[in-house]
Amino acid sequence: MQRLLLDHALLPGGWARDVAVDVENGTFAAVRPDSSSEGRERITGIALPGLPNLHSHTFQRGMAGLAETRGPEGDSFWTWRQVMYRFLGNLTPENVEAIAAHAMMEMLEAGFTALAEFHYLHHGTDGRAYDNPAELAERIAAAAAATGMGLTLLPVFYAQGGFGGVPPGEGQRRFISDVAMYERLVRGARRAVAGLDDARVGIAPHSLRAVTPHSLREILSTTTEGPIHIHIAEQVKEVEDCLAWSGQRPVAWLLDHAAVDARWCLIHATHLDESETRNLAATRAVAGLCPLTEANLGDGIFEGVGFLQAGGRFGVGSDSNVEISASGELKQFEYSQRLKYRARNILAQHEGQSTGGVLYRGALEGGAAALNRRIGAIEEGCRADVVVLDAAHPDLAALSGDRWLDAYIFVAGKTAIDRVIVGGKEVVVNGRHHARESIVARYTSAMRQVLA
């Protein structure tokens with residue numbers, strides 16, 4: 001049993017001082033505000049529930065910056081994807097693990113304490129399955145163990161190269177599975193995370209363009225619990241191709257052909273019409289937004305105002321990991337709405353409400369639902385995941401309450417993070433991960449091999 005006292009803490013009911021928390025087996029066993037410090041270790045600073053990262057491809061951290069040179073034609077997501085295919089051509093299992101550990105370390109230092117890894121890199125460089133089909137899933141689990149990251153692992157089903165059963169291309173050979181192989185991958189993923197604390201496994205049809213209606217039904221029928229994630233409506237071309245194939249927009253088609261509910265997380269959902277926005281919100285599915293990646297790829301702007309007004313739930317993820325920052329994803333979400341509507345404090349719902357408070361609390365709720373874990377709150381029964389901000393940071397020192405969230409998200413960012421605790425274990429102190437040097441050395445060695 002750990003007995004701690006949090007100077008200031010964001011609780012489900014609001015801000016509190018001198019919060020006594022008992023942590024047992026990585027979980028909050030008791031939370032009591034206005035308590036004595038006697039017999040307790042004091043955690044100085046501003047304690048926030050750790051933010052869930054609901055979408056990442058950790059291997060893409062290694063290619064950050066490699067697609068920022070203009071090509072001969074108009075650059076887009078589709079030209080970026082070709083760079084990605086070339087990059088993964090040389091990745092070994094050891095490289096995958098080293099890159100994943102580095103990305104997870106940076107996530108922890110940047111305020112994310114749990115991760116949904118959308119894991120679609122399954123096979124060897126020649127496209128053939130490893131002797132152990134879950135080889136790379138085990139590498140992701142090993143990286144989570146080494147860094148202390150809370151993990152929801154989402155093996156991805158990827159079978160087609162486009163809508164209507166178009167055969168996959170050469171660049172997709174490391175992703176492709178049939179339904180039987182996918183079921184083995186899911187079983188292997190469950191074994192891979194069995195030794196981790198409080199890990200989860202879900203399923204992830206990659207996108208409507210990568211499955212057929214029949215195979216989608218098959219893989220959905222294999223599970224009755226756990227999260228279901230899918231990329232959807234990320235680019236205008238995807239919407240146009242779906243209309244050409246089915247006569248419907250992607251989200252409309254999915255809502256008509258699958259029992260989308262609170263287990264689902266629809267990643268990006270960038271291009272929705274009014275009825276899709278309203279109908280998606282009504283399902284209680286989470287919109288999985290990755291604003292920094294969506295801006296980097298030129299995807300477009302999610303309809304945040306209409307979705308939140310309809311009662312929709314959202315969370316944020318780091319996706320391509322071109323920049324890893326929990327506060328940065330939230331800031332970019334709000335800023336994208338400001339640019340779209342040419343106004344300020346767009347996502348706050350009423351006069352006097354903190355925009356940072358709306359963003360952080362919303363991403364906690366949606367992220368916890370998307371990861372299917374008891375996280376995202378400092379309350380009894382939840383995983384003891386805490387991000388502690390430095391109360392003496394110049395941008396926070398004169399503030400209190402939700403003003404701390406505003407300053408953290410819009411001004412100080414990850415420079416304000418002092419300590420990070422995951423499952424009751426301290427993994428970041430003074431803003432640095434405890435294993436930073438060894439993780440960085442391994443990552444650097446791997447990248448020299450990959451880019452040689």
# chains A, B, ... in the order shown; residues from 1 in each chain; ligands from 1
call {"tool": "closest_atom_pairs", "arguments": {"of": "segment 78-166 of chain A", "to": "segment 181-196 of chain A", "cutoff": "6 Å", "atoms": "only C-alpha atoms", "output": "CSV"}}
result
residue,atom,partner,partner_atom,distance
A:Ala134,CA,A:Gly188,CA,5.0
A:Ala137,CA,A:Ala189,CA,5.8
A:Glu138,CA,A:Ala192,CA,4.9
A:Ala141,CA,A:Val193,CA,5.8
call {"tool": "closest_residue", "arguments": {"among": "A:Leu91, A:Ala384, A:Ala407, A:Leu347", "to": "Gly26 of chain A", "atoms": "only C-alpha atoms"}}
result
A:Ala384
call {"tool": "select_by_dssp", "arguments": {"residues": "segment 372-423 of chain A", "states": "alpha helix (DSSP H)", "output": "list in words"}}
result
Asp402, Arg403, Trp404, Leu405, Asp406 and Ala407 of chain A
call {"tool": "select_by_dssp", "arguments": {"residues": "segment 274-397 of chain A", "states": "strand (DSSP E or B)", "output": "JSON, numbers by chain"}}
result
{"A": [286, 287, 288, 289, 313, 314, 315, 316, 319, 383, 386, 387, 388, 389]}
call {"tool": "write_last_selection", "arguments": {"atoms": "C-alpha atoms", "output": "PDB file, in the first residue's frame"}}
result
ATOM      1  CA  VAL A 286     -15.703   7.977 -29.432  1.00  0.00           C
ATOM      2  CA  ALA A 287     -14.295  10.198 -32.164  1.00  0.00           C
ATOM      3  CA  GLY A 288     -10.555   9.493 -32.086  1.00  0.00           C
ATOM      4  CA  LEU A 289      -8.925  12.761 -33.090  1.00  0.00           C
ATOM      5  CA  ARG A 313     -17.494  11.972 -27.051  1.00  0.00           C
ATOM      6  CA  PHE A 314     -13.907  12.547 -28.188  1.00  0.00           C
ATOM      7  CA  GLY A 315     -10.352  11.691 -27.256  1.00  0.00           C
ATOM      8  CA  VAL A 316      -6.945  12.416 -28.753  1.00  0.00           C
ATOM      9  CA  ASP A 319      -1.100   8.747 -34.630  1.00  0.00           C
ATOM     10  CA  ARG A 383      -5.660   2.925 -12.279  1.00  0.00           C
ATOM     11  CA  VAL A 386      -1.102  10.804 -12.518  1.00  0.00           C
ATOM     12  CA  VAL A 387       0.664  13.645 -14.316  1.00  0.00           C
ATOM     13  CA  VAL A 388       2.074  16.194 -11.877  1.00  0.00           C
ATOM     14  CA  LEU A 389       2.620  19.733 -13.141  1.00  0.00           C
TER      15      LEU A 389
END
call {"tool": "residues_around", "arguments": {"residues": "Lys331 of chain A", "least_positions_apart": "2", "cutoff": "9 Å", "atoms": "only C-alpha atoms", "output": "PyMOL selection string"}}
result
chain A and resi 291+326-329+333-336+356+359+409-410
call {"tool": "atom_distance", "arguments": {"atom1": "atom CA of Cys265 of chain A", "atom2": "atom CA of Ile375 of chain A"}}
result
16.4 Å
call {"tool": "residues_around", "arguments": {"residues": "Arg173 of chain A", "least_positions_apart": "5", "cutoff": "12 Å", "atoms": "only C-alpha atoms", "output": "NGL selection string"}}
result
:A and (85-86 or 88-89 or 120-129 or 158-161 or 167-168)
call {"tool": "closest_atom_pairs", "arguments": {"of": "segment 308-379 of chain A", "to": "segment 258-264 of chain A", "cutoff": "8 Å", "atoms": "only C-alpha atoms", "output": "CSV"}}
result
residue,atom,partner,partner_atom,distance
A:Ala369,CA,A:Arg263,CA,7.4
A:Ala370,CA,A:Trp264,CA,7.0
A:Asn372,CA,A:Arg263,CA,7.8
call {"tool": "residues_around", "arguments": {"residues": "Asp75 of chain A", "least_positions_apart": "5", "cutoff": "12 Å", "atoms": "only C-alpha atoms", "output": "list in words"}}
result
Ala67, Glu68, Thr69, Arg70, Trp80, Arg81, Gln82, Val83, Asn296, Leu297, Gly298 and Asp299 of chain A
call {"tool": "write_last_selection", "arguments": {"atoms": "C-alpha atoms", "output": "CSV table (one decimal), in the first residue's frame"}}
result
chain,number,residue,atom,x,y,z
A,67,ALA,CA,8.3,13.2,-45.6
A,68,GLU,CA,8.8,17.0,-45.3
A,69,THR,CA,10.5,17.4,-48.7
A,70,ARG,CA,8.2,18.6,-51.6
A,80,TRP,CA,3.2,10.5,-47.5
A,81,ARG,CA,2.0,6.9,-47.5
A,82,GLN,CA,4.5,6.0,-50.1
A,83,VAL,CA,7.3,7.3,-47.9
A,296,ASN,CA,0.7,17.5,-40.8
A,297,LEU,CA,-0.9,15.3,-43.4
A,298,GLY,CA,-3.3,18.1,-44.6
A,299,ASP,CA,-6.3,15.9,-43.9
call {"tool": "atom_distance", "arguments": {"atom1": "atom CA of Arg448 of chain A", "atom2": "atom CA of Leu136 of chain A"}}
result
20.1 Å
call {"tool": "closest_atom_pairs", "arguments": {"of": "segment 34-71 of chain A", "to": "segment 5-10 of chain A", "cutoff": "7 Å", "atoms": "only C-alpha atoms", "output": "CSV"}}
result
residue,atom,partner,partner_atom,distance
A:Ser37,CA,A:Leu5,CA,6.2
A:Arg40,CA,A:Leu5,CA,5.9
A:Glu41,CA,A:Leu5,CA,6.0
A:Arg42,CA,A:Leu5,CA,4.6
A:Ile43,CA,A:Leu6,CA,5.0
A:Thr44,CA,A:Asp7,CA,5.4
A:Gly45,CA,A:Asp7,CA,6.0
A:Ile46,CA,A:His8,CA,5.0
A:Ala47,CA,A:Ala9,CA,4.5
A:Leu48,CA,A:Leu10,CA,5.4
call {"tool": "residues_around", "arguments": {"residues": "segment 242-247 of chain A", "least_positions_apart": "6", "cutoff": "9 Å", "atoms": "only C-alpha atoms", "output": "PDB file with C-alpha atoms, in the first residue's frame"}}
result
ATOM      1  CA  PHE A 163     -12.965  -0.222 -51.689  1.00  0.00           C
ATOM      2  CA  GLY A 164     -14.750  -3.147 -53.258  1.00  0.00           C
ATOM      3  CA  LEU A 208     -13.518   0.392 -44.940  1.00  0.00           C
ATOM      4  CA  ARG A 209     -11.112   0.479 -47.859  1.00  0.00           C
ATOM      5  CA  TRP A 253     -22.258   3.285 -44.497  1.00  0.00           C
TER       6      TRP A 253
END
call {"tool": "atom_distance", "arguments": {"atom1": "atom CA of Glu240 of chain A", "atom2": "atom CA of Phe307 of chain A"}}
result
21.9 Å
call {"tool": "decode", "arguments": {"residues": "segment 407-450 of chain A", "atoms": "N, CA and C atoms", "output": "CSV table (one decimal), in the first residue's frame"}}
result
chain,number,residue,atom,x,y,z
A,407,ALA,N,-3.4,27.2,-19.0
A,407,ALA,CA,-1.9,27.6,-19.1
A,407,ALA,C,-1.1,26.4,-19.6
A,408,TYR,N,-1.4,25.2,-19.0
A,408,TYR,CA,-0.7,24.0,-19.4
A,408,TYR,C,-0.9,23.7,-20.9
A,409,ILE,N,-2.2,23.7,-21.4
A,409,ILE,CA,-2.5,23.4,-22.7
A,409,ILE,C,-2.1,24.4,-23.7
A,410,PHE,N,-2.3,25.7,-23.5
A,410,PHE,CA,-2.1,26.7,-24.5
A,410,PHE,C,-0.8,27.5,-24.3
A,411,VAL,N,-0.1,27.3,-23.2
A,411,VAL,CA,1.1,28.1,-23.0
A,411,VAL,C,2.3,27.2,-22.7
A,412,ALA,N,2.4,26.6,-21.6
A,412,ALA,CA,3.6,25.9,-21.1
A,412,ALA,C,3.8,24.5,-21.8
A,413,GLY,N,2.7,23.8,-22.0
A,413,GLY,CA,2.9,22.5,-22.6
A,413,GLY,C,3.7,21.5,-21.8
A,414,LYS,N,4.4,20.6,-22.4
A,414,LYS,CA,5.1,19.6,-21.6
A,414,LYS,C,6.2,20.1,-20.8
A,415,THR,N,6.7,21.4,-21.0
A,415,THR,CA,7.7,21.9,-20.1
A,415,THR,C,7.2,22.0,-18.7
A,416,ALA,N,5.9,22.0,-18.5
A,416,ALA,CA,5.3,22.1,-17.1
A,416,ALA,C,5.3,20.8,-16.4
A,417,ILE,N,5.5,19.7,-17.1
A,417,ILE,CA,5.4,18.4,-16.5
A,417,ILE,C,6.6,18.1,-15.6
A,418,ASP,N,6.4,17.7,-14.3
A,418,ASP,CA,7.4,17.4,-13.4
A,418,ASP,C,7.6,15.9,-13.2
A,419,ARG,N,6.5,15.3,-12.8
A,419,ARG,CA,6.5,13.9,-12.5
A,419,ARG,C,5.3,13.2,-13.2
A,420,VAL,N,5.6,11.9,-13.5
A,420,VAL,CA,4.5,11.1,-14.1
A,420,VAL,C,4.5,9.7,-13.4
A,421,ILE,N,3.3,9.3,-12.9
A,421,ILE,CA,3.1,8.1,-12.2
A,421,ILE,C,2.1,7.2,-13.0
A,422,VAL,N,2.5,5.9,-13.2
A,422,VAL,CA,1.6,5.0,-14.0
A,422,VAL,C,1.4,3.8,-13.1
A,423,GLY,N,0.2,3.5,-12.8
A,423,GLY,CA,-0.1,2.3,-12.0
A,423,GLY,C,0.6,2.4,-10.6
A,424,GLY,N,0.8,3.6,-10.1
A,424,GLY,CA,1.4,3.8,-8.8
A,424,GLY,C,2.9,3.9,-8.9
A,425,LYS,N,3.5,3.7,-10.0
A,425,LYS,CA,5.0,3.6,-10.2
A,425,LYS,C,5.4,4.9,-10.9
A,426,GLU,N,6.4,5.6,-10.3
A,426,GLU,CA,7.0,6.8,-10.8
A,426,GLU,C,7.9,6.5,-12.0
A,427,VAL,N,7.5,7.0,-13.2
A,427,VAL,CA,8.3,6.7,-14.4
A,427,VAL,C,9.0,7.9,-14.9
A,428,VAL,N,8.5,9.1,-14.6
A,428,VAL,CA,9.2,10.3,-15.0
A,428,VAL,C,9.4,11.2,-13.8
A,429,VAL,N,10.6,11.7,-13.6
A,429,VAL,CA,11.0,12.6,-12.5
A,429,VAL,C,11.7,13.8,-13.1
A,430,ASN,N,11.4,15.0,-12.7
A,430,ASN,CA,12.0,16.2,-13.3
A,430,ASN,C,11.8,16.3,-14.8
A,431,GLY,N,10.7,15.7,-15.3
A,431,GLY,CA,10.5,15.8,-16.7
A,431,GLY,C,11.2,14.8,-17.6
A,432,ARG,N,11.9,13.9,-17.0
A,432,ARG,CA,12.7,12.9,-17.7
A,432,ARG,C,12.4,11.5,-17.3
A,433,HIS,N,12.2,10.6,-18.3
A,433,HIS,CA,11.9,9.2,-18.0
A,433,HIS,C,13.1,8.5,-17.3
A,434,HIS,N,12.9,7.6,-16.4
A,434,HIS,CA,14.0,7.1,-15.6
A,434,HIS,C,15.0,6.2,-16.4
A,435,ALA,N,14.5,5.7,-17.6
A,435,ALA,CA,15.4,4.9,-18.5
A,435,ALA,C,15.7,5.7,-19.8
A,436,ARG,N,15.7,7.0,-19.8
A,436,ARG,CA,15.8,7.8,-21.0
A,436,ARG,C,17.1,7.4,-21.7
A,437,GLU,N,18.2,7.4,-21.0
A,437,GLU,CA,19.5,7.3,-21.7
A,437,GLU,C,19.6,5.9,-22.5
A,438,SER,N,19.2,4.9,-21.8
A,438,SER,CA,19.3,3.6,-22.5
A,438,SER,C,18.3,3.4,-23.6
A,439,ILE,N,17.1,4.0,-23.5
A,439,ILE,CA,16.1,3.9,-24.5
A,439,ILE,C,16.6,4.8,-25.7
A,440,VAL,N,17.1,5.9,-25.5
A,440,VAL,CA,17.6,6.8,-26.6
A,440,VAL,C,18.7,6.1,-27.3
A,441,ALA,N,19.7,5.5,-26.6
A,441,ALA,CA,20.8,4.9,-27.2
A,441,ALA,C,20.4,3.8,-28.1
A,442,ARG,N,19.4,3.0,-27.7
A,442,ARG,CA,18.9,1.9,-28.5
A,442,ARG,C,18.2,2.4,-29.7
A,443,TYR,N,17.4,3.4,-29.5
A,443,TYR,CA,16.7,4.0,-30.7
A,443,TYR,C,17.6,4.6,-31.7
A,444,THR,N,18.6,5.3,-31.2
A,444,THR,CA,19.6,5.9,-32.2
A,444,THR,C,20.3,4.8,-33.0
A,445,SER,N,20.7,3.7,-32.3
A,445,SER,CA,21.4,2.6,-33.0
A,445,SER,C,20.4,2.0,-34.1
A,446,ALA,N,19.2,1.8,-33.7
A,446,ALA,CA,18.2,1.2,-34.6
A,446,ALA,C,18.0,2.1,-35.9
A,447,MET,N,17.9,3.4,-35.6
A,447,MET,CA,17.7,4.3,-36.7
A,447,MET,C,18.9,4.4,-37.7
A,448,ARG,N,20.1,4.3,-37.1
A,448,ARG,CA,21.3,4.3,-38.0
A,448,ARG,C,21.2,3.0,-38.9
A,449,GLN,N,20.7,1.9,-38.4
A,449,GLN,CA,20.6,0.7,-39.2
A,449,GLN,C,19.5,0.9,-40.3
A,450,VAL,N,18.4,1.4,-39.9
A,450,VAL,CA,17.2,1.5,-40.8
A,450,VAL,C,17.5,2.5,-41.9
